[in-house]
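Comments concern the structure below.
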Amino acid sequence: MPDDTFMGVKRERIPWFPTIDYSKCDFCMECDKFCPHRVFEHRESGPKLVVANPSNCVVFCRACSKTCGPDAISFPSKPGIITLIKNLREEGG
Amino acid sequence: MSGQYAILPCNGLDKNAGPLARELALNLAAEAGGEIICPVLLNTAPSRYERATAEMPLLVIDGCSTRCATKLANRLGLKIGEKLLVTDGAKDAGVTVEEGLTPGPIGLALVARLAADFVAKAAPSVAQESPADFETPVEFITVTYDKYIFKIPAAGYFFNENDCWVRVIGDRARVGVSDYVQQSMTDITFFDPPRLGAEVSQFDDLGSIESAKAVMDVISPVSGKIVAVNSELVDRPEMINEDPYGKGWIAELEPQDFDSDKGLLLTGEEYSPIVKKKAAEAQH
């Protein structure tokens, strides 16, 4: 969805999405089962789970990390993202 | 902590947080009484605990975010009164517990502290200042998609794109979630309230709500100090389903700079197409 926007800013310009710490992830796939936005995808080779569609992630939603037993999912800091969104809005999205 | 609880720990044995959940349960039972529920026996023979869960509110203790104890309680249709999550407690306390499966001194100290905090907590954890006079809105815009009909107040409410609303009357800003949230989550079964007196920035979390389908952080449309929390939702979270813009409100804040916050919010009319788009995406 390249024409997708959040708060008037192109979604792809907002770096809000989960990051998987593969040293902690046990590939239980609970996050993927939970997320209705298909942010995660399974892979046959390499890590079995990847953040395949970061722009599908709902900005400010961290719900998948709350399903993560090994605490392997992190998100960027909210204040930084809010400042960025405000700046991008001033530029006109 | 008011009275005794039926205490259901996850008792997980394969991660360091599970044995701490068990320790926390033992600690609370020793300090405050109540009855410990074995999750394995509960799973096998739920009737064994029928009396305990009928007579006392249920305190669920999860070790990690897999939340097995919560899921078990939900699956058996047990009403959860209070919840503790060991890993969240560790994060709040800024503590990293030992890796091993046998609790170490750091883990045990954390558990003692979580138990003491829970016992010391004043009975109504969500004391409520008398809320200002917010009337239920009368006029709605309706957004239809497929068989769904979503209601959005036509005036007086502002929304963020995280489906939370704010209504400001005088020096009070009341916050809640939209009709779209309650319909897409289906039956809301748990409300984790925000902390009264906390200062929040716009887009900070204001507690969370849970259904069998999802956990959702309430994202504050407004910055300010939390001066009231809808304590009725703790016992009756389904009020969010019944009346999301009225009796199902989440919290009230003293807004810090609503004029500035408003620049990042949407009117009901502006929010409507967003709901339609979300509903369409959810279908596909």
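Ordering of the structure tokens sets the chain letters (A, B, ...); residue numbers start at 1 within each chain; ligands are numbered from 1 in the order shown.
Those residues of chain B that fall within 9 Å of chain A when using only C-alpha atoms read Lys15, Gly63, Cys64, Ser65, Thr66, Arg67, Thr87, Asn160, Glu161, Asn162, Ser201, Gln202, Phe203, Asp204, Lys213, Ala214, Val215, Met216, Asp217, Ile219, Leu264, Leu265, Leu266, Glu281 and Ala282 of chain B.
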Would you write out those residues with C-alpha atoms, as a compact mmCIF listing (two decimals), in the first residue's frame?
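The new file out.txt reads:
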# COMPACT_ATOMS: atom_id res chain seq x y z
CA LYS B 15 11.77 -20.22 31.56
CA GLY B 63 5.63 -15.11 34.35
CA CYS B 64 6.21 -13.94 30.80
CA SER B 65 4.19 -12.36 28.02
CA THR B 66 3.07 -15.70 26.66
CA ARG B 67 0.49 -15.24 29.45
CA THR B 87 8.52 -9.62 33.41
CA ASN B 160 -6.30 9.88 16.72
CA GLU B 161 -5.55 7.31 14.07
CA ASN B 162 -5.17 4.72 16.82
CA SER B 201 2.36 12.89 26.67
CA GLN B 202 0.15 12.76 23.62
CA PHE B 203 0.31 9.20 22.14
CA ASP B 204 1.53 7.66 25.42
CA LYS B 213 -8.86 -11.75 20.03
CA ALA B 214 -6.50 -8.93 20.89
CA VAL B 215 -4.68 -6.73 23.37
CA MET B 216 -4.84 -3.03 22.61
CA ASP B 217 -2.95 -0.20 24.23
CA ILE B 219 -3.14 5.59 22.95
CA LEU B 264 -2.58 16.07 15.37
CA LEU B 265 -6.19 14.91 15.85
CA LEU B 266 -9.15 14.32 13.55
CA GLU B 281 -8.42 -3.96 5.23
CA ALA B 282 -9.55 -6.16 8.12
Residues at most 8 Å from Ile81 (chain A), counting only C-alpha atoms, excluding those fewer than 3 positions away in the same chain, as an mmCIF file with N, CA and C atoms, in the first residue's frame?
data_model
loop_
_atom_site.group_PDB
_atom_site.id
_atom_site.type_symbol
_atom_site.label_atom_id
_atom_site.label_comp_id
_atom_site.auth_asym_id
_atom_site.auth_seq_id
_atom_site.Cartn_x
_atom_site.Cartn_y
_atom_site.Cartn_z
ATOM 1 N N ILE A 14 7.701 6.589 8.018
ATOM 2 C CA ILE A 14 7.692 6.504 9.487
ATOM 3 C C ILE A 14 8.300 5.162 9.919
ATOM 4 N N PRO A 15 9.478 5.197 10.529
ATOM 5 C CA PRO A 15 10.149 3.921 10.846
ATOM 6 C C PRO A 15 9.623 3.259 12.127
ATOM 7 N N TRP A 16 8.323 3.028 12.169
ATOM 8 C CA TRP A 16 7.724 2.344 13.324
ATOM 9 C C TRP A 16 7.359 0.916 12.929
ATOM 10 N N PRO A 76 10.858 1.325 18.247
ATOM 11 C CA PRO A 76 11.588 2.578 18.491
ATOM 12 C C PRO A 76 10.911 3.407 19.590
ATOM 13 N N SER A 77 11.549 4.476 20.021
ATOM 14 C CA SER A 77 10.953 5.295 21.084
ATOM 15 C C SER A 77 9.867 6.180 20.479
ATOM 16 N N LYS A 78 8.762 6.292 21.218
ATOM 17 C CA LYS A 78 7.631 7.063 20.705
ATOM 18 C C LYS A 78 7.955 8.546 20.515
ATOM 19 N N LEU A 84 9.468 13.233 14.559
ATOM 20 C CA LEU A 84 9.670 13.010 13.125
ATOM 21 C C LEU A 84 8.379 13.267 12.342
ATOM 22 N N ILE A 85 7.262 12.733 12.866
ATOM 23 C CA ILE A 85 5.975 12.918 12.180
ATOM 24 C C ILE A 85 5.637 14.410 12.095
#
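If you look at CA of Gly104 (chain B) and CA of Ala30 (chain B), they are 19.7 Å away from each other.
All residues of protein, DNA or RNA that reach within 8 Å of region 34-48 of chain B, judged by only C-alpha atoms and not counting those fewer than 4 positions away in the chain, are B:Gln4, B:Tyr5, B:Ala6, B:Ile7, B:Leu8, B:Pro9, B:Cys10, B:Asn11, B:Ala25, B:Leu26, B:Ala29, B:Ala52, B:Met56, B:Ala69, B:Leu72, B:Leu76.
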Deliver the residues from the most recent selection as a file, using C-alpha atoms, as a PDB file, in the first residue's frame.
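Listing of again-v1.pdb after writing:
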ATOM      1  CA  GLN B   4      -8.310 -12.750  49.685  1.00  0.00           C
ATOM      2  CA  TYR B   5      -7.828 -14.048  46.194  1.00  0.00           C
ATOM      3  CA  ALA B   6      -7.930 -17.293  44.317  1.00  0.00           C
ATOM      4  CA  ILE B   7      -4.357 -17.128  43.010  1.00  0.00           C
ATOM      5  CA  LEU B   8      -3.600 -18.671  39.619  1.00  0.00           C
ATOM      6  CA  PRO B   9       0.107 -18.613  38.696  1.00  0.00           C
ATOM      7  CA  CYS B  10       1.393 -19.881  35.342  1.00  0.00           C
ATOM      8  CA  ASN B  11       3.964 -21.997  37.155  1.00  0.00           C
ATOM      9  CA  ALA B  25       1.891 -16.882  44.283  1.00  0.00           C
ATOM     10  CA  LEU B  26       3.337 -18.622  47.359  1.00  0.00           C
ATOM     11  CA  ALA B  29      -0.812 -16.692  49.721  1.00  0.00           C
ATOM     12  CA  ALA B  52     -12.512 -21.001  45.220  1.00  0.00           C
ATOM     13  CA  MET B  56     -12.932 -15.098  45.734  1.00  0.00           C
ATOM     14  CA  ALA B  69      -2.318 -18.392  33.008  1.00  0.00           C
ATOM     15  CA  LEU B  72      -6.135 -20.635  30.605  1.00  0.00           C
ATOM     16  CA  LEU B  76     -12.317 -21.654  31.035  1.00  0.00           C
TER      17      LEU B  76
END
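Considering the residues B:Phe140, B:Phe150, B:Phe158, B:Phe134 and counting only C-alpha atoms, Gly263 (chain B) has its shortest atom-to-atom contact with B:Phe158.
Secondary structure by DSSP on the backbone puts the following residues of region 147-248 of chain B in alpha helix (DSSP H): Asp179, Tyr180, Val181, Gln182, Gln183, Ser184, Met185, Glu232, Leu233, Val234, Asp235, Met239, Ile240, Asn241 and Glu242 of chain B.
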C-alpha atoms of the current selection, written as a tab-separated table (two decimals), in the first residue's frame:
chain	number	residue	atom	x	y	z
B	179	ASP	CA	-17.01	1.98	18.25
B	180	TYR	CA	-14.69	0.49	15.61
B	181	VAL	CA	-12.36	-0.77	18.37
B	182	GLN	CA	-15.08	-2.43	20.37
B	183	GLN	CA	-16.60	-4.11	17.32
B	184	SER	CA	-13.31	-5.35	15.91
B	185	MET	CA	-12.03	-6.63	19.25
B	232	GLU	CA	-16.29	0.58	36.93
B	233	LEU	CA	-14.55	-0.96	33.91
B	234	VAL	CA	-12.40	-3.12	36.18
B	235	ASP	CA	-15.50	-5.13	37.11
B	239	MET	CA	-19.28	-1.47	29.22
B	240	ILE	CA	-16.75	-0.50	26.53
B	241	ASN	CA	-18.69	-2.71	24.12
B	242	GLU	CA	-22.03	-1.42	25.30
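Counting only C-alpha atoms, the residue from A:Arg11, A:Asn56, A:Ile20, A:Phe27 that sits nearest to Arg43 (chain A) is A:Phe27.
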*Within 7 Å of Leu101 (chain B), counting only C-alpha atoms, which residues qualify if same-chain residues fewer than 3 places away don't, as a PyMOL selection string?*
chain B and resi 14-16+19
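CA of Pro54 (chain A) is positioned 16.6 Å from CA of Met29 (chain A).
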*So which residues touch Asp146 (chain B) within 10 Å, counting only C-alpha atoms, skipping near sequence neighbours fewer than 6 positions away, as a PyMOL selection string?*
chain B and resi 276+279-280+283
I need the residues from that last selection saved to file as a JSON list (two decimals), in the first residue's frame (with C-alpha atoms), if you can.
[["chain", "number", "residue", "atom", "x", "y", "z"],
["B", 276, "LYS", "CA", -14.00, 2.57, 6.48],
["B", 279, "ALA", "CA", -12.74, -2.17, 8.10],
["B", 280, "ALA", "CA", -12.02, -2.94, 4.45],
["B", 283, "GLN", "CA", -11.79, -8.09, 5.74]]
*Fewer than 4 positions away in the same chain doesn't count, so skip those; otherwise give me all residues within 8 Å of Glu41 (chain A), counting only C-alpha atoms, as a list in words.*
Asp32, Leu49, Val50, Val51 and Ala52 of chain A
Deliver the residues from the most recent selection as a file, using N, CA and C atoms, as a compact mmCIF listing (two decimals), in the first residue's frame.
# COMPACT_ATOMS: atom_id res chain seq x y z
N ASP A 32 3.09 -13.52 15.23
CA ASP A 32 2.53 -13.62 13.88
C ASP A 32 1.07 -14.07 13.94
N LEU A 49 11.23 -16.59 10.90
CA LEU A 49 10.24 -15.51 11.01
C LEU A 49 10.95 -14.19 10.72
N VAL A 50 10.34 -13.38 9.84
CA VAL A 50 10.93 -12.08 9.54
C VAL A 50 9.87 -10.99 9.57
N VAL A 51 10.33 -9.74 9.76
CA VAL A 51 9.44 -8.58 9.64
C VAL A 51 9.41 -8.25 8.15
N ALA A 52 8.41 -8.80 7.45
CA ALA A 52 8.40 -8.73 6.00
C ALA A 52 7.72 -7.47 5.48
*If you run DSSP on the backbone, which residues of region 109-227 of chain B are strand (DSSP E), as number ranges by chain?*
B: 140-145, 148-153, 158-159, 164-169, 172-177, 188-192, 199-200, 205-211, 215-219, 224-227
Kindly export the residues of the current selection with N, CA and C atoms, as a compact mmCIF listing (two decimals), in the first residue's frame.
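So again27.txt came out as:
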# COMPACT_ATOMS: atom_id res chain seq x y z
N PHE B 140 -24.84 10.88 15.77
CA PHE B 140 -23.73 10.08 15.24
C PHE B 140 -23.67 10.16 13.72
N ILE B 141 -22.45 10.04 13.22
CA ILE B 141 -22.25 9.74 11.80
C ILE B 141 -22.21 8.22 11.75
N THR B 142 -22.75 7.59 10.73
CA THR B 142 -22.57 6.14 10.64
C THR B 142 -21.72 5.82 9.41
N VAL B 143 -20.82 4.88 9.63
CA VAL B 143 -19.97 4.40 8.55
C VAL B 143 -20.34 2.95 8.34
N THR B 144 -20.70 2.58 7.14
CA THR B 144 -21.06 1.18 6.92
C THR B 144 -20.03 0.52 6.02
N TYR B 145 -19.72 -0.69 6.37
CA TYR B 145 -18.86 -1.48 5.50
C TYR B 145 -19.35 -2.92 5.59
N TYR B 148 -21.20 -4.39 8.60
CA TYR B 148 -20.88 -3.65 9.81
C TYR B 148 -21.37 -2.21 9.73
N ILE B 149 -21.81 -1.71 10.88
CA ILE B 149 -22.18 -0.30 10.98
C ILE B 149 -21.39 0.28 12.15
N PHE B 150 -20.59 1.29 11.88
CA PHE B 150 -19.79 1.92 12.93
C PHE B 150 -20.34 3.31 13.21
N LYS B 151 -20.46 3.61 14.52
CA LYS B 151 -20.98 4.93 14.90
C LYS B 151 -19.82 5.84 15.30
N ILE B 152 -19.91 7.09 14.88
CA ILE B 152 -18.90 8.08 15.23
C ILE B 152 -19.63 9.37 15.61
N PRO B 153 -19.34 9.90 16.80
CA PRO B 153 -20.03 11.14 17.18
C PRO B 153 -19.76 12.25 16.16
N PHE B 158 -12.73 14.33 19.30
CA PHE B 158 -11.60 14.30 18.39
C PHE B 158 -10.93 12.93 18.48
N PHE B 159 -10.35 12.49 17.38
CA PHE B 159 -9.80 11.12 17.30
C PHE B 159 -8.33 11.15 16.89
N CYS B 164 -8.67 6.11 19.24
CA CYS B 164 -9.04 6.60 20.56
C CYS B 164 -9.61 8.01 20.42
N TRP B 165 -10.59 8.33 21.27
CA TRP B 165 -11.21 9.64 21.19
C TRP B 165 -10.93 10.47 22.44
N VAL B 166 -11.10 11.78 22.28
CA VAL B 166 -11.04 12.68 23.43
C VAL B 166 -12.18 13.67 23.31
N ARG B 167 -12.77 13.99 24.45
CA ARG B 167 -13.82 15.00 24.49
C ARG B 167 -13.44 15.95 25.62
N VAL B 168 -13.37 17.23 25.31
CA VAL B 168 -12.95 18.19 26.32
C VAL B 168 -14.14 19.02 26.76
N ILE B 169 -14.36 19.05 28.08
CA ILE B 169 -15.38 19.92 28.65
C ILE B 169 -14.72 20.66 29.81
N ARG B 172 -11.44 19.46 31.74
CA ARG B 172 -11.33 17.99 31.75
C ARG B 172 -11.34 17.44 30.33
N ALA B 173 -10.46 16.51 30.09
CA ALA B 173 -10.48 15.81 28.80
C ALA B 173 -10.78 14.35 29.09
N ARG B 174 -11.89 13.87 28.56
CA ARG B 174 -12.25 12.47 28.76
C ARG B 174 -11.80 11.68 27.53
N VAL B 175 -11.26 10.49 27.79
CA VAL B 175 -10.69 9.68 26.71
C VAL B 175 -11.33 8.30 26.67
N GLY B 176 -11.48 7.77 25.50
CA GLY B 176 -12.01 6.41 25.35
C GLY B 176 -11.61 5.83 24.01
N VAL B 177 -12.20 4.69 23.67
CA VAL B 177 -11.91 4.07 22.38
C VAL B 177 -13.17 4.11 21.51
N ILE B 188 -14.85 -7.39 25.14
CA ILE B 188 -13.69 -6.96 25.93
C ILE B 188 -13.80 -7.58 27.32
N THR B 189 -12.75 -8.29 27.70
CA THR B 189 -12.83 -9.09 28.93
C THR B 189 -11.94 -8.57 30.05
N PHE B 190 -11.05 -7.64 29.73
CA PHE B 190 -10.14 -7.15 30.78
C PHE B 190 -9.72 -5.72 30.50
N PHE B 191 -9.69 -4.92 31.56
CA PHE B 191 -9.25 -3.53 31.47
C PHE B 191 -8.10 -3.34 32.44
N ASP B 192 -6.95 -2.98 31.90
CA ASP B 192 -5.78 -2.70 32.73
C ASP B 192 -5.67 -1.18 32.83
N GLU B 199 1.58 11.71 34.64
CA GLU B 199 1.61 12.70 33.56
C GLU B 199 1.89 11.95 32.28
N VAL B 200 1.06 12.14 31.28
CA VAL B 200 1.30 11.46 30.01
C VAL B 200 1.45 12.47 28.89
N ASP B 205 0.71 5.57 26.35
CA ASP B 205 -0.31 4.57 26.67
C ASP B 205 -1.16 5.03 27.86
N LEU B 206 -2.45 4.73 27.77
CA LEU B 206 -3.37 4.94 28.91
C LEU B 206 -3.95 3.59 29.28
N GLY B 207 -3.12 2.69 29.73
CA GLY B 207 -3.58 1.35 30.05
C GLY B 207 -3.88 0.57 28.79
N SER B 208 -4.53 -0.57 28.97
CA SER B 208 -4.84 -1.40 27.80
C SER B 208 -6.13 -2.15 28.03
N ILE B 209 -6.68 -2.66 26.93
CA ILE B 209 -7.89 -3.48 27.00
C ILE B 209 -7.62 -4.78 26.27
N GLU B 210 -8.31 -5.82 26.72
CA GLU B 210 -8.08 -7.14 26.12
C GLU B 210 -9.39 -7.83 25.78
N SER B 211 -9.35 -8.57 24.70
CA SER B 211 -10.45 -9.49 24.40
C SER B 211 -9.80 -10.83 24.07
N VAL B 215 -5.03 -7.65 22.29
CA VAL B 215 -4.68 -6.73 23.37
C VAL B 215 -4.45 -5.39 22.71
N MET B 216 -5.04 -4.33 23.22
CA MET B 216 -4.84 -3.03 22.61
C MET B 216 -4.42 -2.00 23.65
N ASP B 217 -3.32 -1.32 23.39
CA ASP B 217 -2.95 -0.20 24.23
C ASP B 217 -3.89 0.96 23.88
N VAL B 218 -4.37 1.63 24.92
CA VAL B 218 -5.14 2.84 24.67
C VAL B 218 -4.12 3.96 24.47
N ILE B 219 -4.14 4.57 23.29
CA ILE B 219 -3.14 5.59 22.95
C ILE B 219 -3.76 6.97 23.19
N GLY B 224 -1.32 15.41 29.36
CA GLY B 224 -1.81 15.99 30.61
C GLY B 224 -1.68 15.02 31.77
N LYS B 225 -2.34 15.38 32.88
CA LYS B 225 -2.27 14.57 34.09
C LYS B 225 -3.55 13.74 34.22
N ILE B 226 -3.40 12.46 34.55
CA ILE B 226 -4.57 11.59 34.71
C ILE B 226 -5.24 11.91 36.05
N VAL B 227 -6.46 12.41 36.00
CA VAL B 227 -7.15 12.81 37.23
C VAL B 227 -8.32 11.89 37.58
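You can rank B:Ala251, B:Ile274, B:Glu269, B:Ala109 by their closest distance to Thr96 (chain B) using only C-alpha atoms, and at the top of that list sits B:Ala109.
One finds CA of Pro18 (chain A) at 9.2 Å from CA of Phe40 (chain A).
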